[in-house]
file protein29.pdb (PDB, C-alpha atoms and all ligand atoms)
ATOM      1  CA  MET A   1      88.015 -68.542 -52.253  1.00  0.00           C
ATOM      2  CA  GLY A   2      88.184 -64.767 -51.672  1.00  0.00           C
ATOM      3  CA  PHE A   3      87.988 -63.864 -47.998  1.00  0.00           C
ATOM      4  CA  PHE A   4      86.643 -67.211 -47.009  1.00  0.00           C
ATOM      5  CA  THR A   5      88.706 -70.028 -45.664  1.00  0.00           C
ATOM      6  CA  VAL A   6      87.539 -73.604 -45.866  1.00  0.00           C
ATOM      7  CA  PHE A   7      88.075 -75.194 -42.497  1.00  0.00           C
ATOM      8  CA  SER A   8      88.591 -78.894 -42.624  1.00  0.00           C
ATOM      9  CA  HIS A   9      87.044 -80.981 -39.873  1.00  0.00           C
ATOM     10  CA  LEU A  10      89.740 -83.567 -40.386  1.00  0.00           C
ATOM     11  CA  LEU A  11      92.947 -84.085 -38.575  1.00  0.00           C
ATOM     12  CA  PRO A  12      95.594 -83.228 -41.139  1.00  0.00           C
ATOM     13  CA  ALA A  13      96.343 -86.306 -43.261  1.00  0.00           C
ATOM     14  CA  GLN A  14     100.052 -85.975 -42.523  1.00  0.00           C
ATOM     15  CA  GLN A  15      99.238 -86.504 -38.824  1.00  0.00           C
ATOM     16  CA  LEU A  16      97.324 -89.664 -39.537  1.00  0.00           C
ATOM     17  CA  PRO A  17      98.733 -93.138 -40.021  1.00  0.00           C
ATOM     18  CA  HIS A  18      98.220 -94.672 -43.455  1.00  0.00           C
ATOM     19  CA  SER A  19      96.719 -98.059 -44.201  1.00  0.00           C
ATOM     20  CA  ALA A  20      98.549-100.703 -46.232  1.00  0.00           C
ATOM     21  CA  TYR A  21      96.600 -99.271 -49.198  1.00  0.00           C
ATOM     22  CA  GLY A  22      97.976 -95.782 -48.567  1.00  0.00           C
ATOM     23  CA  LEU A  23      94.764 -94.318 -47.156  1.00  0.00           C
ATOM     24  CA  PRO A  24      94.995 -91.956 -44.147  1.00  0.00           C
ATOM     25  CA  TYR A  25      92.875 -93.424 -41.356  1.00  0.00           C
ATOM     26  CA  ILE A  26      92.268 -93.514 -37.630  1.00  0.00           C
ATOM     27  CA  ASN A  27      93.297 -96.828 -36.150  1.00  0.00           C
ATOM     28  CA  ARG A  28      93.584 -96.028 -32.435  1.00  0.00           C
ATOM     29  CA  ILE A  29      90.918 -94.892 -30.008  1.00  0.00           C
ATOM     30  CA  SER A  30      93.246 -92.164 -28.680  1.00  0.00           C
ATOM     31  CA  LEU A  31      93.495 -90.687 -32.163  1.00  0.00           C
ATOM     32  CA  TYR A  32      89.719 -90.923 -32.586  1.00  0.00           C
ATOM     33  CA  LYS A  33      89.275 -88.992 -29.322  1.00  0.00           C
ATOM     34  CA  GLU A  34      91.757 -86.407 -30.521  1.00  0.00           C
ATOM     35  CA  SER A  35      89.755 -86.007 -33.743  1.00  0.00           C
ATOM     36  CA  LEU A  36      86.666 -85.138 -31.666  1.00  0.00           C
ATOM     37  CA  VAL A  37      88.248 -82.419 -29.536  1.00  0.00           C
ATOM     38  CA  ASN A  38      87.264 -79.530 -31.785  1.00  0.00           C
ATOM     39  CA  HIS A  39      84.570 -81.455 -33.658  1.00  0.00           C
ATOM     40  CA  PRO A  40      82.277 -83.244 -31.204  1.00  0.00           C
ATOM     41  CA  GLN A  41      79.712 -83.677 -34.014  1.00  0.00           C
ATOM     42  CA  LYS A  42      81.968 -86.401 -35.392  1.00  0.00           C
ATOM     43  CA  GLN A  43      81.219 -88.616 -32.403  1.00  0.00           C
ATOM     44  CA  MET A  44      80.085 -92.154 -33.215  1.00  0.00           C
ATOM     45  CA  LYS A  45      76.726 -92.936 -31.617  1.00  0.00           C
ATOM     46  CA  SER A  46      75.209 -96.360 -30.979  1.00  0.00           C
ATOM     47  CA  LEU A  47      72.102 -97.084 -33.032  1.00  0.00           C
ATOM     48  CA  ALA A  48      70.805 -99.464 -30.343  1.00  0.00           C
ATOM     49  CA  ASP A  49      69.924 -96.321 -28.351  1.00  0.00           C
ATOM     50  CA  ILE A  50      67.276 -95.279 -30.882  1.00  0.00           C
ATOM     51  CA  PRO A  51      63.728 -96.490 -30.172  1.00  0.00           C
ATOM     52  CA  GLY A  52      62.054 -97.855 -33.293  1.00  0.00           C
ATOM     53  CA  ILE A  53      65.268 -99.308 -34.657  1.00  0.00           C
ATOM     54  CA  ARG A  54      65.972-103.021 -34.848  1.00  0.00           C
ATOM     55  CA  LEU A  55      69.448-104.271 -35.664  1.00  0.00           C
ATOM     56  CA  ASP A  56      69.914-107.274 -37.913  1.00  0.00           C
ATOM     57  CA  LEU A  57      73.625-106.882 -38.641  1.00  0.00           C
ATOM     58  CA  ARG A  58      74.099-109.280 -41.525  1.00  0.00           C
ATOM     59  CA  TYR A  59      77.886-109.308 -41.267  1.00  0.00           C
ATOM     60  CA  ALA A  60      77.654-110.416 -37.635  1.00  0.00           C
ATOM     61  CA  SER A  61      76.153-113.662 -38.972  1.00  0.00           C
ATOM     62  CA  ASP A  62      76.753-115.721 -42.098  1.00  0.00           C
ATOM     63  CA  ASN A  63      73.453-114.493 -43.577  1.00  0.00           C
ATOM     64  CA  ASN A  64      75.181-112.305 -46.189  1.00  0.00           C
ATOM     65  CA  PHE A  65      76.481-112.589 -49.725  1.00  0.00           C
ATOM     66  CA  MET A  66      79.871-113.820 -48.541  1.00  0.00           C
ATOM     67  CA  HIS A  67      78.190-116.560 -46.447  1.00  0.00           C
ATOM     68  CA  LYS A  68      80.811-115.691 -43.886  1.00  0.00           C
ATOM     69  CA  GLN A  69      80.610-114.023 -40.518  1.00  0.00           C
ATOM     70  CA  LEU A  70      82.793-110.927 -40.684  1.00  0.00           C
ATOM     71  CA  TYR A  71      81.915-109.088 -37.459  1.00  0.00           C
ATOM     72  CA  PRO A  72      82.353-110.614 -34.010  1.00  0.00           C
ATOM     73  CA  GLU A  73      79.391-112.815 -33.114  1.00  0.00           C
ATOM     74  CA  ASN A  74      78.435-110.677 -30.110  1.00  0.00           C
ATOM     75  CA  THR A  75      78.176-107.475 -32.189  1.00  0.00           C
ATOM     76  CA  LYS A  76      74.832-106.146 -31.007  1.00  0.00           C
ATOM     77  CA  THR A  77      74.963-102.581 -32.244  1.00  0.00           C
ATOM     78  CA  SER A  78      76.494-100.421 -34.882  1.00  0.00           C
ATOM     79  CA  PHE A  79      77.367 -96.756 -35.003  1.00  0.00           C
ATOM     80  CA  LEU A  80      76.903 -93.601 -37.044  1.00  0.00           C
ATOM     81  CA  ARG A  81      78.381 -90.116 -36.719  1.00  0.00           C
ATOM     82  CA  TYR A  82      76.235 -87.792 -34.651  1.00  0.00           C
ATOM     83  CA  PRO A  83      74.427 -85.848 -37.457  1.00  0.00           C
ATOM     84  CA  ALA A  84      73.512 -89.086 -39.270  1.00  0.00           C
ATOM     85  CA  TYR A  85      72.456 -90.648 -35.949  1.00  0.00           C
ATOM     86  CA  LEU A  86      70.171 -87.694 -35.198  1.00  0.00           C
ATOM     87  CA  ALA A  87      68.610 -87.877 -38.654  1.00  0.00           C
ATOM     88  CA  LEU A  88      68.019 -91.617 -38.255  1.00  0.00           C
ATOM     89  CA  ASP A  89      66.377 -90.973 -34.896  1.00  0.00           C
ATOM     90  CA  SER A  90      63.922 -88.566 -36.580  1.00  0.00           C
ATOM     91  CA  ILE A  91      63.287 -91.075 -39.368  1.00  0.00           C
ATOM     92  CA  ALA A  92      62.544 -93.850 -36.850  1.00  0.00           C
ATOM     93  CA  ARG A  93      59.982 -91.557 -35.195  1.00  0.00           C
ATOM     94  CA  GLU A  94      58.389 -90.657 -38.504  1.00  0.00           C
ATOM     95  CA  VAL A  95      58.046 -94.252 -39.712  1.00  0.00           C
ATOM     96  CA  GLY A  96      56.890 -95.203 -36.199  1.00  0.00           C
ATOM     97  CA  ARG A  97      53.866 -92.967 -36.718  1.00  0.00           C
ATOM     98  CA  MET A  98      53.102 -95.105 -39.798  1.00  0.00           C
ATOM     99  CA  GLY A  99      53.327 -98.314 -37.728  1.00  0.00           C
ATOM    100  CA  LEU A 100      56.778 -99.173 -39.114  1.00  0.00           C
ATOM    101  CA  GLU A 101      60.265 -99.702 -37.732  1.00  0.00           C
ATOM    102  CA  LEU A 102      63.728 -99.422 -39.265  1.00  0.00           C
ATOM    103  CA  VAL A 103      65.788-102.583 -39.622  1.00  0.00           C
ATOM    104  CA  ILE A 104      69.521-101.971 -39.910  1.00  0.00           C
ATOM    105  CA  PHE A 105      71.582-104.445 -41.951  1.00  0.00           C
ATOM    106  CA  ASP A 106      74.828-102.513 -41.607  1.00  0.00           C
ATOM    107  CA  ALA A 107      76.128 -99.094 -40.636  1.00  0.00           C
ATOM    108  CA  TYR A 108      79.697 -98.458 -39.434  1.00  0.00           C
ATOM    109  CA  ARG A 109      82.108-100.998 -40.861  1.00  0.00           C
ATOM    110  CA  PRO A 110      85.668-101.142 -39.508  1.00  0.00           C
ATOM    111  CA  TYR A 111      88.177-100.523 -42.309  1.00  0.00           C
ATOM    112  CA  ARG A 112      89.831-103.905 -41.701  1.00  0.00           C
ATOM    113  CA  ILE A 113      86.550-105.574 -42.770  1.00  0.00           C
ATOM    114  CA  THR A 114      86.519-103.583 -46.010  1.00  0.00           C
ATOM    115  CA  VAL A 115      90.008-104.908 -46.691  1.00  0.00           C
ATOM    116  CA  LYS A 116      88.817-108.454 -45.927  1.00  0.00           C
ATOM    117  CA  LEU A 117      85.836-108.061 -48.287  1.00  0.00           C
ATOM    118  CA  TRP A 118      88.006-106.568 -51.030  1.00  0.00           C
ATOM    119  CA  ILE A 119      90.685-109.244 -51.234  1.00  0.00           C
ATOM    120  CA  PRO A 120      88.499-112.058 -52.687  1.00  0.00           C
ATOM    121  CA  VAL A 121      86.285-109.716 -54.758  1.00  0.00           C
ATOM    122  CA  LYS A 122      88.534-106.914 -56.094  1.00  0.00           C
ATOM    123  CA  ASP A 123      85.605-105.440 -58.018  1.00  0.00           C
ATOM    124  CA  GLU A 124      84.254-102.005 -57.150  1.00  0.00           C
ATOM    125  CA  ARG A 125      80.748-103.014 -58.187  1.00  0.00           C
ATOM    126  CA  TYR A 126      80.574-105.362 -55.194  1.00  0.00           C
ATOM    127  CA  ALA A 127      83.029-104.105 -52.610  1.00  0.00           C
ATOM    128  CA  ALA A 128      84.576-100.830 -51.542  1.00  0.00           C
ATOM    129  CA  ASN A 129      88.109-100.231 -52.738  1.00  0.00           C
ATOM    130  CA  PRO A 130      90.420 -99.921 -49.704  1.00  0.00           C
ATOM    131  CA  THR A 131      92.485 -97.249 -51.468  1.00  0.00           C
ATOM    132  CA  LYS A 132      89.413 -94.992 -51.063  1.00  0.00           C
ATOM    133  CA  GLY A 133      87.517 -96.350 -48.074  1.00  0.00           C
ATOM    134  CA  SER A 134      83.739 -96.198 -47.941  1.00  0.00           C
ATOM    135  CA  GLY A 135      80.967 -94.238 -46.286  1.00  0.00           C
ATOM    136  CA  HIS A 136      80.544 -97.232 -43.983  1.00  0.00           C
ATOM    137  CA  ASN A 137      84.191 -96.884 -42.910  1.00  0.00           C
ATOM    138  CA  ARG A 138      83.592 -93.193 -42.193  1.00  0.00           C
ATOM    139  CA  GLY A 139      80.511 -93.918 -40.059  1.00  0.00           C
ATOM    140  CA  ILE A 140      78.120 -92.084 -42.362  1.00  0.00           C
ATOM    141  CA  ALA A 141      76.503 -94.862 -44.413  1.00  0.00           C
ATOM    142  CA  VAL A 142      73.659 -97.124 -43.410  1.00  0.00           C
ATOM    143  CA  ASP A 143      72.022-100.132 -45.062  1.00  0.00           C
ATOM    144  CA  LEU A 144      68.449-100.590 -43.949  1.00  0.00           C
ATOM    145  CA  THR A 145      64.880-101.520 -44.673  1.00  0.00           C
ATOM    146  CA  LEU A 146      61.411-101.127 -43.185  1.00  0.00           C
ATOM    147  CA  ALA A 147      59.372-103.584 -41.138  1.00  0.00           C
ATOM    148  CA  ASP A 148      55.997-103.711 -39.450  1.00  0.00           C
ATOM    149  CA  LEU A 149      56.427-102.324 -35.921  1.00  0.00           C
ATOM    150  CA  LYS A 150      54.139-104.938 -34.346  1.00  0.00           C
ATOM    151  CA  THR A 151      54.881-108.138 -36.262  1.00  0.00           C
ATOM    152  CA  HIS A 152      58.507-107.240 -37.174  1.00  0.00           C
ATOM    153  CA  GLN A 153      57.739-108.627 -40.627  1.00  0.00           C
ATOM    154  CA  LEU A 154      59.966-106.988 -43.243  1.00  0.00           C
ATOM    155  CA  LEU A 155      58.166-104.975 -45.889  1.00  0.00           C
ATOM    156  CA  SER A 156      58.570-106.616 -49.271  1.00  0.00           C
ATOM    157  CA  MET A 157      61.263-104.939 -51.334  1.00  0.00           C
ATOM    158  CA  PRO A 158      62.447-105.616 -54.903  1.00  0.00           C
ATOM    159  CA  THR A 159      65.402-107.719 -53.636  1.00  0.00           C
ATOM    160  CA  ASP A 160      67.118-108.897 -50.480  1.00  0.00           C
ATOM    161  CA  PHE A 161      70.055-106.937 -49.027  1.00  0.00           C
ATOM    162  CA  ASP A 162      73.333-107.106 -51.003  1.00  0.00           C
ATOM    163  CA  ASN A 163      71.754-108.233 -54.224  1.00  0.00           C
ATOM    164  CA  PHE A 164      74.077-106.936 -56.928  1.00  0.00           C
ATOM    165  CA  SER A 165      71.707-107.153 -59.876  1.00  0.00           C
ATOM    166  CA  ASP A 166      69.745-104.462 -61.722  1.00  0.00           C
ATOM    167  CA  SER A 167      66.702-105.430 -59.643  1.00  0.00           C
ATOM    168  CA  ALA A 168      68.336-103.634 -56.693  1.00  0.00           C
ATOM    169  CA  HIS A 169      68.519-100.338 -58.585  1.00  0.00           C
ATOM    170  CA  GLN A 170      66.401 -97.422 -57.404  1.00  0.00           C
ATOM    171  CA  ASP A 171      64.863 -97.091 -60.880  1.00  0.00           C
ATOM    172  CA  PHE A 172      64.093-100.803 -61.375  1.00  0.00           C
ATOM    173  CA  LYS A 173      60.479-101.141 -62.510  1.00  0.00           C
ATOM    174  CA  GLY A 174      60.217-104.877 -63.253  1.00  0.00           C
ATOM    175  CA  THR A 175      58.513-105.818 -60.007  1.00  0.00           C
ATOM    176  CA  ASP A 176      55.106-105.398 -58.416  1.00  0.00           C
ATOM    177  CA  SER A 177      53.721-102.045 -57.367  1.00  0.00           C
ATOM    178  CA  ILE A 178      53.835-102.866 -53.631  1.00  0.00           C
ATOM    179  CA  ARG A 179      57.589-103.487 -53.683  1.00  0.00           C
ATOM    180  CA  ILE A 180      58.126-100.328 -55.684  1.00  0.00           C
ATOM    181  CA  ALA A 181      55.981 -98.312 -53.263  1.00  0.00           C
ATOM    182  CA  ASN A 182      57.899 -99.706 -50.261  1.00  0.00           C
ATOM    183  CA  ARG A 183      61.252 -98.887 -51.870  1.00  0.00           C
ATOM    184  CA  GLU A 184      60.039 -95.377 -52.653  1.00  0.00           C
ATOM    185  CA  LEU A 185      58.709 -94.850 -49.148  1.00  0.00           C
ATOM    186  CA  LEU A 186      62.118 -95.714 -47.685  1.00  0.00           C
ATOM    187  CA  LYS A 187      63.930 -93.433 -50.128  1.00  0.00           C
ATOM    188  CA  LYS A 188      61.537 -90.561 -49.563  1.00  0.00           C
ATOM    189  CA  VAL A 189      61.781 -90.601 -45.777  1.00  0.00           C
ATOM    190  CA  MET A 190      65.584 -91.026 -45.789  1.00  0.00           C
ATOM    191  CA  GLU A 191      66.029 -88.119 -48.202  1.00  0.00           C
ATOM    192  CA  LYS A 192      63.616 -85.942 -46.246  1.00  0.00           C
ATOM    193  CA  TYR A 193      66.070 -85.973 -43.308  1.00  0.00           C
ATOM    194  CA  GLY A 194      69.187 -85.418 -45.384  1.00  0.00           C
ATOM    195  CA  PHE A 195      70.434 -88.850 -46.421  1.00  0.00           C
ATOM    196  CA  ILE A 196      71.550 -89.403 -50.002  1.00  0.00           C
ATOM    197  CA  SER A 197      70.385 -92.514 -51.835  1.00  0.00           C
ATOM    198  CA  LEU A 198      72.506 -94.715 -54.077  1.00  0.00           C
ATOM    199  CA  SER A 199      71.148 -95.512 -57.539  1.00  0.00           C
ATOM    200  CA  THR A 200      72.363 -99.130 -57.522  1.00  0.00           C
ATOM    201  CA  GLU A 201      71.383-100.253 -53.990  1.00  0.00           C
ATOM    202  CA  TRP A 202      67.901 -99.489 -52.648  1.00  0.00           C
ATOM    203  CA  TRP A 203      69.027-100.231 -49.040  1.00  0.00           C
ATOM    204  CA  HIS A 204      72.105 -97.953 -48.964  1.00  0.00           C
ATOM    205  CA  PHE A 205      72.026 -94.320 -47.802  1.00  0.00           C
ATOM    206  CA  SER A 206      74.802 -91.985 -46.804  1.00  0.00           C
ATOM    207  CA  TRP A 207      75.235 -88.682 -45.066  1.00  0.00           C
ATOM    208  CA  ARG A 208      76.592 -85.708 -46.976  1.00  0.00           C
ATOM    209  CA  ASP A 209      80.193 -84.442 -46.908  1.00  0.00           C
ATOM    210  CA  PRO A 210      82.026 -87.773 -46.611  1.00  0.00           C
ATOM    211  CA  GLN A 211      85.362 -85.973 -46.779  1.00  0.00           C
ATOM    212  CA  GLN A 212      84.610 -84.338 -43.418  1.00  0.00           C
ATOM    213  CA  PHE A 213      84.797 -87.706 -41.637  1.00  0.00           C
ATOM    214  CA  GLU A 214      87.929 -89.787 -41.330  1.00  0.00           C
ATOM    215  CA  VAL A 215      88.033 -93.463 -42.236  1.00  0.00           C
ATOM    216  CA  LEU A 216      88.035 -95.439 -38.998  1.00  0.00           C
ATOM    217  CA  ASP A 217      89.596 -98.762 -38.182  1.00  0.00           C
ATOM    218  CA  LEU A 218      88.271 -99.196 -34.664  1.00  0.00           C
ATOM    219  CA  SER A 219      86.522-102.311 -33.440  1.00  0.00           C
ATOM    220  CA  PHE A 220      82.887-102.297 -32.335  1.00  0.00           C
ATOM    221  CA  ALA A 221      84.072-103.136 -28.826  1.00  0.00           C
ATOM    222  CA  GLU A 222      86.408-100.125 -28.734  1.00  0.00           C
ATOM    223  CA  LEU A 223      83.644 -97.783 -29.867  1.00  0.00           C
ATOM    224  CA  ALA A 224      81.133 -99.235 -27.409  1.00  0.00           C
ATOM    225  CA  LYS A 225      83.321 -98.178 -24.458  1.00  0.00           C
TER     226      LYS A 225
HETATM  227 ZN    ZN B 301      75.909 -99.839 -47.796  1.00  0.00          ZN
END
call {"tool": "encode", "arguments": {"input": "protein29.pdb", "output": "C-alpha cells"}}
result
Amino acid sequence: MGFFTVFSHLLPAQQLPHSAYGLPYINRISLYKESLVNHPQKQMKSLADIPGIRLDLRYASDNNFMHKQLYPENTKTSFLRYPAYLALDSIAREVGRMGLELVIFDAYRPYRITVKLWIPVKDERYAANPTKGSGHNRGIAVDLTLADLKTHQLLSMPTDFDNFSDSAHQDFKGTDSIRIANRELLKKVMEKYGFISLSTEWWHFSWRDPQQFEVLDLSFAELAK
C-alpha cells in the first residue's frame, strides 16, 4: 500500500464477541456506543424520522414468506447507518417531487433474526448465512418499493416482496411495460444516491463498503433509546 495506511472503521475483531456461528458482532448497546466514538457516521438512524417514507415492516407481521411474525409486534420503525439514512432522505424528497413515497419492507435486521430465518431454510438463495451476516444485519441494506403519495397505493412491480423466483430479477422482462418501468424507476433513483442494487431482488438495495460496518445484534427497542 506504499505510504498509505488503510484505516478500518471497525472495532478490532479480537475485541468483539463472536456469535455461535463464529462471526464477530456487536451484541451490547455499550459496545455499539464504543464503536461510534471515533466513527459517528456509523450511527443508526430511525427511518420514521424521514418525511415521505412509510414503513410496512413485513417481519413485524405475518405478511411475509415465512408466514411468521419475526419482529416484535410494536416495531414501528427500522434503522440505517447515517450515510444510507441521508441518501434515503434525499431519495424520498426526489420521489416526493414525482408524487411518490417510499415504502420500507425491511431495513436493519437484528442478527438473531437472521439466525432464526436460517435454521429452517439453510439455503443462501433464500436466507443470509449467519457465518457471514448480511447487509441488513450491518444496518446498510433496505428493502423497499414505491407508492402513490396521495392514495398510498403501491406501484405495480413484477412481484411482491420476498418472491424468490426469476420474476424478481432486475433483468426479468416477462412482464408488462408498466411494471418494468416502475422497477427501473426505483433502481435508477436508488443508484443515483449511491445505493447498489441486487440482480436477484428488485426491492433490495445496499450501501457500499459493508465491511466498514459491524454486524449488530441489538433489538429495535435498544436502538430506539
Ligand atoms: Zn433485503
call {"tool": "resolve_selection", "arguments": {"input": "protein29.pdb", "expression": "the PyMOL selection byres (((not hetatm)) within 12 of (chain B and resi 301))", "output": "VMD selection string"}}
result
chain A and resid 57 to 59 104 to 109 114 125 to 128 134 to 145 161 to 164 196 to 207
call {"tool": "residues_around", "arguments": {"input": "protein29.pdb", "residues": "range 223-225 of chain A", "least_positions_apart": "3", "cutoff": "8 Å", "atoms": "all atoms listed in the file", "output": "tab-separated table (two decimals) with C-alpha atoms, keeping the file's coordinate frame"}}
result
chain	number	residue	atom	x	y	z
A	29	ILE	CA	90.92	-94.89	-30.01
A	44	MET	CA	80.08	-92.15	-33.22
A	46	SER	CA	75.21	-96.36	-30.98
A	218	LEU	CA	88.27	-99.20	-34.66
A	219	SER	CA	86.52	-102.31	-33.44
A	220	PHE	CA	82.89	-102.30	-32.34
call {"tool": "atom_distance", "arguments": {"input": "protein29.pdb", "atom1": "CA of Ser90 in chain A", "atom2": "CA of Pro210 in chain A"}}
result
20.7 Å
call {"tool": "closest_residue", "arguments": {"input": "protein29.pdb", "among": "A:Pro40, A:Lys173, A:Arg179, A:Ala20", "to": "Pro158 in chain A", "atoms": "all atoms listed in the file"}}
result
A:Arg179
call {"tool": "atom_distance", "arguments": {"input": "protein29.pdb", "atom1": "CA of Gln15 in chain A", "atom2": "CA of Arg81 in chain A"}}
result
21.3 Å
call {"tool": "resolve_selection", "arguments": {"input": "protein29.pdb", "expression": "the PyMOL selection byres (((chain A and resi 89) around 12) and not hetatm)", "output": "list in words"}}
result
Lys45, Ser46, Leu47, Ala48, Asp49, Ile50, Pro51, Gly52, Ile53, Leu80, Tyr82, Pro83, Ala84, Tyr85, Leu86, Ala87, Leu88, Ser90, Ile91, Ala92, Arg93, Glu94, Val95, Gly96, Glu101, Leu102, Val189, Met190 and Tyr193 of chain A
call {"tool": "closest_residue", "arguments": {"input": "protein29.pdb", "among": "A:Gln41, A:Asn63, A:Thr75, A:Ser19", "to": "Asp160 in chain A", "atoms": "only C-alpha atoms"}}
result
A:Asn63
call {"tool": "resolve_selection", "arguments": {"input": "protein29.pdb", "expression": "the PyMOL selection byres (((chain A and resi 35) around 12) and not hetatm)", "output": "ChimeraX atom specification"}}
result
/A:8-13,15-16,25-34,36-44,212-216
